[in-house]
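Down below is the structure, laid out as structure tokens.
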Amino acid sequence: MAVDRAIEALQTRLGHSFRDAALLDRALTHTSAGADGDYERLEFLGDRVLGLVVAELLLEKFPDESEGDIGRRFAQLVRAETLTKIGRAVGIDRALNHAGDGAIDGIVADATEAVIAALYLDGGFATAANFIAAHWSPLIKRSEVPPRDAKTALQEWSQARGLGLPVYTDIARAGPDHAPVFTVAVNISGGEPVEARGSSKRAAEQAAAALLFERLEGGDDG
């Protein structure tokens, strides 16, 4: 079956062959599948394992940075968008068991954390840490300057020019409860708004802020 092949390919990319196959199956099962067990508890654990490993990697890489700078780096590395990108890169999206067509970004992000927990439970901390280091270290090395999230960058741009705070407006919410899609608009000082979608209001706001900031920095509005 295609799903079985996807799980085999996933284990290869994870660098770990599971002794307890049911553990990996649970990590890949969304509540919408109607199965006896889903990934929610594993997601909770995986979030903590990921956070610990990423925090240690950051402290080792940037020994002289302040807690605030480290915190901004950390937030970017463990956010849903990063988890989704890595989850799709290793094939978690193709191995998921969930209702509906296609893998929603939010589900892929959650399942990626659940898979990290499964690696930890089946292979120990070192197995999970090795996977995280392999896929997160390149992202850490990519930026020598602490990142600003898009909403913060847009706010600083706007206030520096005396334009006040950006205004975010909820436009729509679509999709089923287990995989919602939010649409949010943002504008500055009555200017032309920019809309974006995301699997949460926060994600949609960040996406909209990034699009508007890119436009403003590019000089399209000035």
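So you can find residues: chains in the structure tokens are A, B, ... in the order shown, residues in each start at 1, and ligands are numbered from 1 in order.
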Any chance you could list, as a PyMOL selection string, the residues in segment 59-166 of chain A that come up alpha helix (DSSP H) when DSSP is run on the backbone? chain A and resi 59-61+67-78+80-90+92-95+105-123+125-142+150-160
Export of the given selection (C-alpha atoms) as a tab-separated table (two decimals), in the first residue's frame:
```
chain	number	residue	atom	x	y	z
A	59	LEU	CA	23.13	28.19	23.66
A	60	GLU	CA	26.06	26.27	22.22
A	61	LYS	CA	26.00	28.18	18.92
A	67	GLU	CA	18.30	35.71	26.60
A	68	GLY	CA	16.09	37.98	24.50
A	69	ASP	CA	18.02	37.30	21.29
A	70	ILE	CA	18.13	33.57	22.01
A	71	GLY	CA	14.40	33.68	22.70
A	72	ARG	CA	13.63	35.21	19.30
A	73	ARG	CA	15.73	32.59	17.56
A	74	PHE	CA	14.01	29.85	19.57
A	75	ALA	CA	10.50	31.09	18.76
A	76	GLN	CA	11.24	31.05	15.04
A	77	LEU	CA	12.74	27.56	15.13
A	78	VAL	CA	9.88	25.87	16.99
A	80	ALA	CA	4.42	25.74	13.30
A	81	GLU	CA	5.74	26.98	9.97
A	82	THR	CA	9.20	25.52	10.66
A	83	LEU	CA	7.73	22.24	11.86
A	84	THR	CA	5.58	22.01	8.75
A	85	LYS	CA	8.53	22.62	6.44
A	86	ILE	CA	10.64	19.94	8.10
A	87	GLY	CA	7.71	17.52	8.37
A	88	ARG	CA	7.06	17.79	4.65
A	89	ALA	CA	10.76	17.48	3.86
A	90	VAL	CA	11.03	14.12	5.62
A	92	ILE	CA	5.48	13.00	7.41
A	93	ASP	CA	2.73	14.56	5.29
A	94	ARG	CA	2.65	11.53	2.99
A	95	ALA	CA	2.46	9.04	5.86
A	105	ASP	CA	-0.02	22.44	7.40
A	106	GLY	CA	-1.21	22.54	11.00
A	107	ILE	CA	-1.64	18.77	11.08
A	108	VAL	CA	1.81	18.23	9.60
A	109	ALA	CA	3.34	20.51	12.23
A	110	ASP	CA	1.59	18.70	15.09
A	111	ALA	CA	2.47	15.28	13.71
A	112	THR	CA	6.12	16.30	13.39
A	113	GLU	CA	6.21	16.97	17.13
A	114	ALA	CA	4.47	13.65	17.74
A	115	VAL	CA	7.05	11.83	15.62
A	116	ILE	CA	9.83	13.45	17.66
A	117	ALA	CA	8.19	12.05	20.79
A	118	ALA	CA	7.93	8.63	19.15
A	119	LEU	CA	11.64	8.73	18.34
A	120	TYR	CA	12.36	9.61	21.95
A	121	LEU	CA	10.19	6.83	23.38
A	122	ASP	CA	11.33	4.15	20.94
A	123	GLY	CA	15.01	5.00	20.60
A	125	PHE	CA	16.82	10.83	23.90
A	126	ALA	CA	19.90	10.58	21.69
A	127	THR	CA	17.83	9.28	18.77
A	128	ALA	CA	15.40	12.18	18.98
A	129	ALA	CA	18.20	14.70	19.53
A	130	ASN	CA	20.13	13.43	16.51
A	131	PHE	CA	17.08	13.88	14.28
A	132	ILE	CA	16.45	17.38	15.60
A	133	ALA	CA	20.10	18.39	15.24
A	134	ALA	CA	20.23	17.09	11.67
A	135	HIS	CA	17.23	19.14	10.54
A	136	TRP	CA	17.34	22.21	12.79
A	137	SER	CA	21.09	22.92	12.88
A	138	PRO	CA	21.16	24.13	9.24
A	139	LEU	CA	18.41	26.63	10.12
A	140	ILE	CA	20.38	27.83	13.14
A	141	LYS	CA	23.54	28.32	11.07
A	142	ARG	CA	21.68	30.19	8.33
A	150	ALA	CA	7.10	39.63	10.84
A	151	LYS	CA	4.57	41.35	13.12
A	152	THR	CA	7.35	42.95	15.17
A	153	ALA	CA	9.22	44.07	12.05
A	154	LEU	CA	6.07	45.61	10.57
A	155	GLN	CA	5.21	47.37	13.83
A	156	GLU	CA	8.71	48.84	14.12
A	157	TRP	CA	8.60	50.01	10.50
A	158	SER	CA	5.24	51.68	11.01
A	159	GLN	CA	6.03	53.37	14.30
A	160	ALA	CA	9.40	54.63	13.06
```
Step one, run DSSP on the backbone; step two, keep only residues of segment 9-191 of chain A assigned to strand (DSSP E or B); then write them as a VMD selection string. chain A and resid 29 97 167 to 174 181 to 187
Quick one: of A:Pro193, A:Leu52, A:Arg161, A:Gly124, who's nearest to His16 of chain A, counting only C-alpha atoms?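 Ranked by minimum distance to His16 of chain A, first place goes to A:Gly124.
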Need the shell around Ile171 of chain A: protein/DNA/RNA residues with any atom at most 9 Å away, counting only C-alpha atoms. Skip same-chain ones fewer than 2 positions apart. Format as a PyMOL selection string? chain A and resi 169+173+182-185+195
Prev. selection, N, CA and C atoms, output as a PDB file, in the first residue's frame:
```pdb
ATOM      1  N   THR A 169      -7.381  42.569  10.929  1.00  0.00           N
ATOM      2  CA  THR A 169      -8.820  42.341  10.852  1.00  0.00           C
ATOM      3  C   THR A 169      -9.093  40.893  10.450  1.00  0.00           C
ATOM      4  N   ARG A 173     -13.101  32.433   8.487  1.00  0.00           N
ATOM      5  CA  ARG A 173     -12.645  31.161   9.028  1.00  0.00           C
ATOM      6  C   ARG A 173     -13.350  30.067   8.248  1.00  0.00           C
ATOM      7  N   PHE A 182      -7.744  30.230   8.587  1.00  0.00           N
ATOM      8  CA  PHE A 182      -8.105  31.599   8.949  1.00  0.00           C
ATOM      9  C   PHE A 182      -7.570  32.573   7.904  1.00  0.00           C
ATOM     10  N   THR A 183      -8.373  33.571   7.590  1.00  0.00           N
ATOM     11  CA  THR A 183      -7.937  34.644   6.701  1.00  0.00           C
ATOM     12  C   THR A 183      -7.938  35.944   7.489  1.00  0.00           C
ATOM     13  N   VAL A 184      -6.807  36.640   7.447  1.00  0.00           N
ATOM     14  CA  VAL A 184      -6.632  37.885   8.203  1.00  0.00           C
ATOM     15  C   VAL A 184      -6.084  38.950   7.264  1.00  0.00           C
ATOM     16  N   ALA A 185      -6.537  40.184   7.465  1.00  0.00           N
ATOM     17  CA  ALA A 185      -6.016  41.318   6.708  1.00  0.00           C
ATOM     18  C   ALA A 185      -5.256  42.252   7.644  1.00  0.00           C
ATOM     19  N   GLU A 195      -4.073  40.583   2.615  1.00  0.00           N
ATOM     20  CA  GLU A 195      -4.686  39.415   3.240  1.00  0.00           C
ATOM     21  C   GLU A 195      -3.764  38.205   3.122  1.00  0.00           C
TER      22      GLU A 195
END
```
Atom CA of Tyr168 of chain A to atom CA of Arg79 of chain A, distance in Å rounded to a single decimal: 20.2 Å
Using only C-alpha atoms, which of the listed residues (A:Pro147, A:Pro180, A:Gly190, A:Gly46) sits closest to Ala203 of chain A? A:Pro180
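Of the listed residues A:Leu28, A:Leu211, A:Val186, A:Val181, the one whose atoms come nearest to Ser199 of chain A is A:Val181, with distances taken using only C-alpha atoms.
Distances here use only C-alpha atoms; by that measure, the residue among A:Ala174, A:Ala22, A:Gly51, A:Arg148 closest to Lys201 of chain A is A:Ala174.
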